[in-house]
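Undergrad: Handing over my_file_22.cif, mmCIF, C-alpha atoms.
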data_work
loop_
_atom_site.label_atom_id
_atom_site.label_comp_id
_atom_site.auth_asym_id
_atom_site.auth_seq_id
_atom_site.Cartn_x
_atom_site.Cartn_y
_atom_site.Cartn_z
CA MET A 1 149.13 -143.45 120.84
CA SER A 2 149.21 -141.12 117.81
CA TYR A 3 150.03 -137.44 117.73
CA GLU A 4 146.34 -136.76 117.19
CA GLN A 5 145.57 -138.33 120.57
CA PHE A 6 148.57 -136.68 122.23
CA TYR A 7 147.45 -133.20 121.11
CA GLN A 8 143.74 -134.03 121.52
CA LEU A 9 142.84 -133.76 117.85
CA ARG A 10 140.11 -135.70 116.06
CA GLU A 11 142.26 -136.18 112.97
CA GLN A 12 145.45 -135.08 111.28
CA PRO A 13 145.07 -131.39 110.37
CA PHE A 14 147.80 -131.04 107.76
CA SER A 15 147.28 -133.73 105.16
CA ASN A 16 148.22 -132.66 101.63
CA THR A 17 145.34 -134.72 100.25
CA PRO A 18 142.58 -132.31 99.11
CA ASP A 19 139.71 -132.22 101.60
CA ALA A 20 136.90 -129.68 101.23
CA ARG A 21 136.40 -129.54 104.99
CA PHE A 22 139.81 -127.95 105.43
CA PHE A 23 139.43 -125.43 102.62
CA PHE A 24 140.55 -121.99 103.80
CA GLU A 25 139.30 -119.29 101.48
CA VAL A 26 141.68 -116.36 101.33
CA ASP A 27 140.87 -113.21 99.37
CA GLN A 28 142.93 -114.50 96.45
CA HIS A 29 140.94 -117.73 96.26
CA ALA A 30 137.62 -115.91 96.50
CA ASP A 31 138.67 -113.65 93.64
CA VAL A 32 139.79 -116.55 91.44
CA LEU A 33 136.62 -118.55 92.13
CA ALA A 34 134.47 -115.53 91.27
CA ARG A 35 136.28 -115.15 87.95
CA LEU A 36 135.93 -118.85 87.16
CA VAL A 37 132.23 -118.84 87.99
CA TYR A 38 131.83 -115.88 85.64
CA ALA A 39 133.65 -117.77 82.86
CA VAL A 40 131.43 -120.82 83.36
CA ASP A 41 128.12 -119.03 83.74
CA THR A 42 128.70 -117.01 80.57
CA MET A 43 130.25 -120.01 78.76
CA LYS A 44 133.39 -118.17 77.76
CA GLY A 45 135.03 -121.36 76.55
CA LEU A 46 138.46 -121.24 78.17
CA ALA A 47 139.78 -120.12 81.56
CA VAL A 48 143.28 -120.71 82.89
CA VAL A 49 144.67 -120.81 86.43
CA VAL A 50 148.45 -121.00 86.90
CA GLY A 51 150.56 -121.17 90.03
CA ASP A 52 153.80 -122.58 91.35
CA VAL A 53 154.05 -126.02 92.95
CA GLY A 54 152.03 -126.28 96.14
CA THR A 55 150.05 -123.05 95.81
CA GLY A 56 146.70 -124.84 96.01
CA LYS A 57 145.65 -125.36 92.39
CA THR A 58 144.24 -128.85 92.97
CA THR A 59 142.36 -127.76 96.09
CA LEU A 60 140.90 -124.84 94.17
CA ALA A 61 139.93 -127.08 91.24
CA ARG A 62 138.01 -129.39 93.57
CA ARG A 63 136.41 -126.43 95.29
CA MET A 64 135.26 -125.12 91.90
CA LEU A 65 133.88 -128.53 90.96
CA ASP A 66 131.88 -128.66 94.20
CA GLN A 67 130.20 -125.37 93.25
CA LEU A 68 128.88 -126.74 89.96
CA ASP A 69 125.57 -128.38 90.88
CA ASP A 70 124.17 -131.20 88.77
CA GLU A 71 120.96 -129.37 87.99
CA HIS A 72 122.66 -126.65 85.97
CA TYR A 73 125.97 -128.20 84.93
CA GLU A 74 127.42 -131.35 83.44
CA SER A 75 130.83 -131.02 85.04
CA ALA A 76 133.88 -133.17 85.64
CA LEU A 77 137.48 -132.93 86.81
CA LEU A 78 140.11 -134.55 84.62
CA VAL A 79 143.56 -135.00 86.19
CA ILE A 80 146.49 -135.45 83.79
CA ILE A 81 149.04 -137.76 85.43
CA HIS A 82 151.65 -138.03 82.67
CA SER A 83 152.69 -136.27 79.47
CA ALA A 84 152.46 -139.24 77.10
CA ILE A 85 148.74 -139.02 76.43
CA SER A 86 147.35 -138.85 72.91
CA ALA A 87 144.72 -136.61 71.40
CA GLU A 88 142.43 -139.62 71.02
CA TRP A 89 142.81 -140.45 74.72
CA LEU A 90 141.85 -136.88 75.59
CA LEU A 91 138.80 -137.03 73.32
CA ARG A 92 137.66 -140.28 74.89
CA ARG A 93 138.06 -138.95 78.41
CA ILE A 94 136.09 -135.81 77.61
CA ALA A 95 133.37 -137.89 75.96
CA SER A 96 133.16 -140.11 79.03
CA HIS A 97 133.07 -137.14 81.39
CA ILE A 98 130.10 -135.56 79.63
CA VAL A 99 128.30 -138.90 79.99
CA ILE A 100 128.45 -140.50 76.56
CA ALA A 101 127.72 -144.12 77.46
CA GLN A 102 129.19 -145.91 74.43
CA VAL A 103 132.12 -143.96 73.05
CA ALA A 104 132.77 -144.68 69.37
CA GLU A 105 136.00 -146.12 68.02
CA GLU A 106 136.82 -143.62 65.29
CA LYS A 107 137.89 -140.05 66.05
CA VAL A 108 135.38 -138.44 63.69
CA ALA A 109 132.58 -140.48 65.24
CA ILE A 110 133.67 -139.47 68.74
CA LEU A 111 133.61 -135.81 67.76
CA THR A 112 130.11 -136.26 66.36
CA GLN A 113 128.97 -137.90 69.60
CA ILE A 114 130.45 -135.07 71.66
CA TYR A 115 128.78 -132.40 69.53
CA GLN A 116 125.40 -134.14 69.76
CA ARG A 117 125.74 -134.52 73.53
CA LEU A 118 126.72 -130.86 73.95
CA MET A 119 123.66 -129.80 71.93
CA GLU A 120 121.47 -132.00 74.15
CA LEU A 121 122.85 -130.30 77.23
CA HIS A 122 122.42 -126.85 75.72
CA GLU A 123 118.80 -127.53 74.78
CA ALA A 124 118.17 -128.81 78.32
CA GLY A 125 119.55 -125.57 79.76
CA ARG A 126 122.62 -127.23 81.25
CA LYS A 127 126.25 -126.20 80.76
CA ALA A 128 129.16 -128.52 80.00
CA VAL A 129 132.28 -127.78 82.04
CA VAL A 130 135.52 -129.76 82.10
CA LEU A 131 138.21 -128.85 84.62
CA ILE A 132 141.69 -130.13 83.77
CA ASP A 133 144.21 -130.31 86.60
CA GLU A 134 147.95 -130.61 85.88
CA ALA A 135 147.21 -129.20 82.42
CA ASN A 136 150.93 -128.40 82.09
CA MET A 137 151.28 -132.13 81.28
CA LEU A 138 149.48 -131.56 77.95
CA GLN A 139 152.81 -131.12 76.22
CA GLN A 140 151.95 -131.88 72.61
CA ARG A 141 150.88 -129.27 70.09
CA GLU A 142 148.21 -131.68 68.84
CA LEU A 143 146.51 -131.55 72.24
CA MET A 144 146.37 -127.77 72.15
CA GLU A 145 144.83 -127.98 68.70
CA GLU A 146 142.17 -130.40 69.96
CA LEU A 147 141.20 -127.99 72.74
CA ARG A 148 140.96 -125.18 70.22
CA GLY A 149 138.71 -127.37 68.08
CA PHE A 150 136.30 -127.78 70.98
CA LEU A 151 136.09 -124.01 71.35
CA ASN A 152 134.75 -123.81 67.81
CA LEU A 153 131.65 -125.70 68.95
CA GLU A 154 129.16 -122.95 69.66
CA VAL A 155 125.69 -121.57 69.22
CA PRO A 156 124.89 -117.87 68.79
CA GLY A 157 126.20 -116.03 71.84
CA SER A 158 127.68 -119.02 73.65
CA LYS A 159 130.26 -121.78 73.51
CA LEU A 160 128.92 -125.31 73.98
CA ILE A 161 131.65 -126.28 76.44
CA THR A 162 133.97 -124.46 78.83
CA PHE A 163 137.39 -125.73 79.87
CA ILE A 164 139.20 -124.56 82.99
CA LEU A 165 142.89 -125.44 82.92
CA PHE A 166 144.92 -125.58 86.15
CA GLY A 167 148.69 -125.89 85.85
CA LEU A 168 152.20 -124.71 86.57
CA PRO A 169 153.47 -121.47 85.00
CA SER A 170 154.94 -123.60 82.18
CA LEU A 171 151.36 -123.94 80.93
CA ASP A 172 151.77 -120.47 79.43
CA ALA A 173 154.42 -121.77 77.05
CA LEU A 174 152.27 -124.74 76.05
CA LEU A 175 149.31 -122.52 75.21
CA ALA A 176 151.65 -120.33 73.19
CA MET A 177 152.32 -123.29 70.88
CA ASP A 178 148.91 -122.55 69.40
CA THR A 179 148.49 -118.79 69.03
CA PRO A 180 144.78 -118.97 68.13
CA LEU A 181 144.19 -120.95 71.35
CA THR A 182 146.06 -118.36 73.44
CA GLN A 183 143.81 -115.70 71.95
CA ARG A 184 140.77 -117.68 73.11
CA VAL A 185 141.72 -117.55 76.80
CA ALA A 186 138.82 -115.53 78.22
CA VAL A 187 139.85 -115.54 81.89
CA LYS A 188 143.33 -115.99 83.33
CA CYS A 189 144.31 -116.08 87.01
CA ARG A 190 147.59 -116.54 88.85
CA LEU A 191 147.93 -118.03 92.33
CA SER A 192 150.65 -116.70 94.61
CA SER A 193 151.92 -117.73 98.02
CA LEU A 194 150.17 -116.69 101.24
CA SER A 195 151.24 -113.70 103.31
CA PRO A 196 152.68 -114.38 106.79
CA GLU A 197 149.46 -113.33 108.51
CA THR A 198 147.32 -115.41 106.17
CA THR A 199 149.67 -118.37 106.68
CA LYS A 200 149.14 -118.17 110.43
CA ALA A 201 145.38 -117.91 109.98
CA TYR A 202 145.50 -120.92 107.64
CA ILE A 203 147.32 -123.04 110.24
CA ARG A 204 144.89 -122.04 112.99
CA HIS A 205 141.94 -122.83 110.73
CA ARG A 206 143.15 -126.34 109.96
CA LEU A 207 143.88 -127.06 113.62
CA LYS A 208 140.39 -125.88 114.56
CA VAL A 209 138.75 -128.08 111.91
CA ALA A 210 140.77 -131.02 113.24
CA GLY A 211 139.33 -130.42 116.72
CA ALA A 212 142.03 -128.41 118.52
CA ALA A 213 140.57 -127.07 121.76
CA ARG A 214 143.69 -125.12 122.78
CA GLU A 215 146.59 -123.24 121.24
CA ILE A 216 149.07 -125.87 120.04
CA PHE A 217 151.34 -123.58 118.00
CA ALA A 218 152.38 -120.44 119.87
CA GLU A 219 152.81 -117.20 117.91
CA PRO A 220 156.63 -117.52 117.51
CA VAL A 221 156.15 -121.05 116.13
CA LEU A 222 153.57 -119.80 113.63
CA ASP A 223 155.93 -117.00 112.59
CA GLN A 224 158.75 -119.49 111.99
CA ILE A 225 156.57 -121.82 109.91
CA ALA A 226 155.38 -118.83 107.86
CA ARG A 227 159.01 -117.84 107.16
CA ASP A 228 160.27 -121.33 106.37
CA SER A 229 157.33 -122.28 104.15
CA GLN A 230 157.35 -118.93 102.32
CA GLY A 231 153.56 -119.13 102.31
CA ILE A 232 153.34 -122.21 100.05
CA PRO A 233 150.35 -124.23 101.36
CA ARG A 234 151.89 -127.62 100.60
CA LEU A 235 155.04 -126.71 102.53
CA ILE A 236 153.00 -125.23 105.36
CA ASN A 237 151.23 -128.58 105.70
CA THR A 238 154.41 -130.64 105.46
CA ILE A 239 156.29 -128.59 108.04
CA SER A 240 153.35 -128.34 110.45
CA ASP A 241 152.60 -132.05 110.23
CA ASN A 242 156.20 -132.97 110.97
CA VAL A 243 156.44 -130.50 113.86
CA LEU A 244 153.45 -132.23 115.46
CA LEU A 245 154.98 -135.64 114.83
CA GLU A 246 158.35 -134.68 116.32
CA GLY A 247 156.67 -133.00 119.26
CA PHE A 248 154.70 -136.16 119.95
CA LEU A 249 157.73 -138.45 119.62
CA ARG A 250 159.58 -136.28 122.13
CA LYS A 251 156.47 -135.95 124.32
CA ARG A 252 156.56 -132.16 124.15
CA ASP A 253 153.33 -130.51 125.16
CA LYS A 254 154.73 -127.14 124.12
CA LEU A 255 156.36 -126.72 120.73
CA ASP A 256 159.10 -124.18 120.11
CA VAL A 257 160.89 -122.40 117.29
CA GLU A 258 164.00 -124.57 117.57
CA LEU A 259 161.92 -127.67 116.88
CA VAL A 260 160.52 -126.03 113.73
CA LYS A 261 164.02 -125.15 112.54
CA GLU A 262 165.20 -128.69 113.19
CA VAL A 263 162.25 -130.16 111.28
CA VAL A 264 162.84 -127.85 108.31
CA ARG A 265 166.53 -128.73 108.28
CA ASP A 266 165.82 -132.47 108.40
CA LEU A 267 163.17 -132.24 105.68
CA GLY A 268 165.38 -130.12 103.47
CA VAL A 269 162.26 -128.31 102.27
CA THR A 270 162.53 -125.11 100.27
CA ALA A 271 159.87 -123.08 98.55
#
Written as structure tokens, that's how I'd like the structure from this file.
TA:
Amino acid sequence: MSYEQFYQLREQPFSNTPDARFFFEVDQHADVLARLVYAVDTMKGLAVVVGDVGTGKTTLARRMLDQLDDEHYESALLVIIHSAISAEWLLRRIASHIVIAQVAEEKVAILTQIYQRLMELHEAGRKAVVLIDEANMLQQRELMEELRGFLNLEVPGSKLITFILFGLPSLDALLAMDTPLTQRVAVKCRLSSLSPETTKAYIRHRLKVAGAAREIFAEPVLDQIARDSQGIPRLINTISDNVLLEGFLRKRDKLDVELVKEVVRDLGVTA
């Protein structure tokens, strides 16, 4: 038996893997998405979203991508997994994401292909959008210069491509390496942690999506998780998931505050 069966859930409610079904739109997220949609629809060129670890940047990036339908946008999400990438690698990935079938070998040729493809999209009434998650891993000045170069591709009244960068607050310092690029940031948003009340609503929402037919976390338990997680979604998920697991292992139908404290202590989690 799993804890899902024990608590009569269809699935695990607190996975940290992004899943659109569990997306909980708080006022902050709605505001950020509205600003990003504005940046994309008006082809502003560059928008930036920063937030601390676990504040939901990746979830928001995927949510934004889901809103960009294929009829009006040529969109893609590029996730940077390490800091040792080259400018040529970035160019190739962007070329691939905007559907250039045979990417050239030489940098100048790749840039020509990208420009031609962007003009094709523009003439077809479609907008090119590239979302870059973990953009704080773009730690070379050359990469910032390449992004700035893309923003010089434009037609009267509009850029030919819009980038949305999602990253840790350290992204600010990376953008500052190229002052002209910083000046081209058209929209900038910051994600913060959730309030205690929103944290509790978030937990209830995820339990409901997972099939909870009864109250599994009593109000004092929700209050404790809100305090210990400090409203960081990733920590909320980690703590809640482990509370369910421990409750199941101990065959506790009712969960209490002491169990939450014990889980937090054992995990050693801090915001």
Undergrad: By how many Å are atom CA of A:Val40 and atom CA of A:Arg126 apart?
TA: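 That distance, rounded to one decimal, is 11.1 Å.
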Undergrad: Please evaluate the PyMOL selection byres ((chain A and resi 48) around 7) against the displayed coordinates and give the resulting residues as a VMD selection string.
TA: chain A and resid 46 to 47 49 to 50 164 to 166 187 to 189
Undergrad: Tell me which residues the PyMOL selection byres ((chain A and resi 83) around 6) grabs here, as a ChimeraX atom specification.
TA: /A:82,84-85,137-138
Undergrad: Between A:Gly54, A:Leu60, A:Ala135, A:Met1, which one has atoms that come closest to A:Leu78, using all atoms listed in the file?
TA: A:Ala135
Undergrad: Might you pull out every residue within 10 Å of stretch 252-263 of chain A, with all atoms listed in the file counted and same-chain residues fewer than 4 positions away left off, and present them as a ChimeraX atom specification?
TA: /A:6-7,215-225,228,238-248,267-269
Undergrad: Set the distance at 7 Å and use all atoms listed in the file: which residues neighbour A:Ser170 once local chain neighbours fewer than 3 positions away are removed? I'd like the list as a PDB file with C-alpha atoms, in the frame of the given file.
TA:
ATOM      1  CA  ASN A 136     150.930-128.400  82.090  1.00  0.00           C
ATOM      2  CA  ALA A 173     154.420-121.770  77.050  1.00  0.00           C
ATOM      3  CA  LEU A 174     152.270-124.740  76.050  1.00  0.00           C
TER       4      LEU A 174
END
Undergrad: Between atom CA of A:Glu120 and atom CA of A:Gly149, what is the distance in Å, rounded to a tenth?
TA: 18.9 Å
Undergrad: Which polymer residues, protein or nucleic acid, are no farther than 12 Å from (147.4, -125.3, 72.0), counting all atoms listed in the file, as a PyMOL selection string?
TA: chain A and resi 46+87+135-136+138-151+165+171-185
Undergrad: For stretch 88-108 of chain A against stretch 64-75 of chain A, with a cut-off of 9 Å and counting only C-alpha atoms, what is the closest atom pair and its distance in Å to one decimal for every residue that makes the cut, ordered by chain and number, as a tab-separated table?
TA:
residue	atom	partner	partner_atom	distance
A:His97	CA	A:Ser75	CA	7.5
A:Ile98	CA	A:Glu74	CA	6.3
A:Val99	CA	A:Glu74	CA	8.3
Undergrad: Please report the interatomic distance between atom CA of A:Arg62 and atom CA of A:Val32 in Å with one decimal.
TA: 13.1 Å
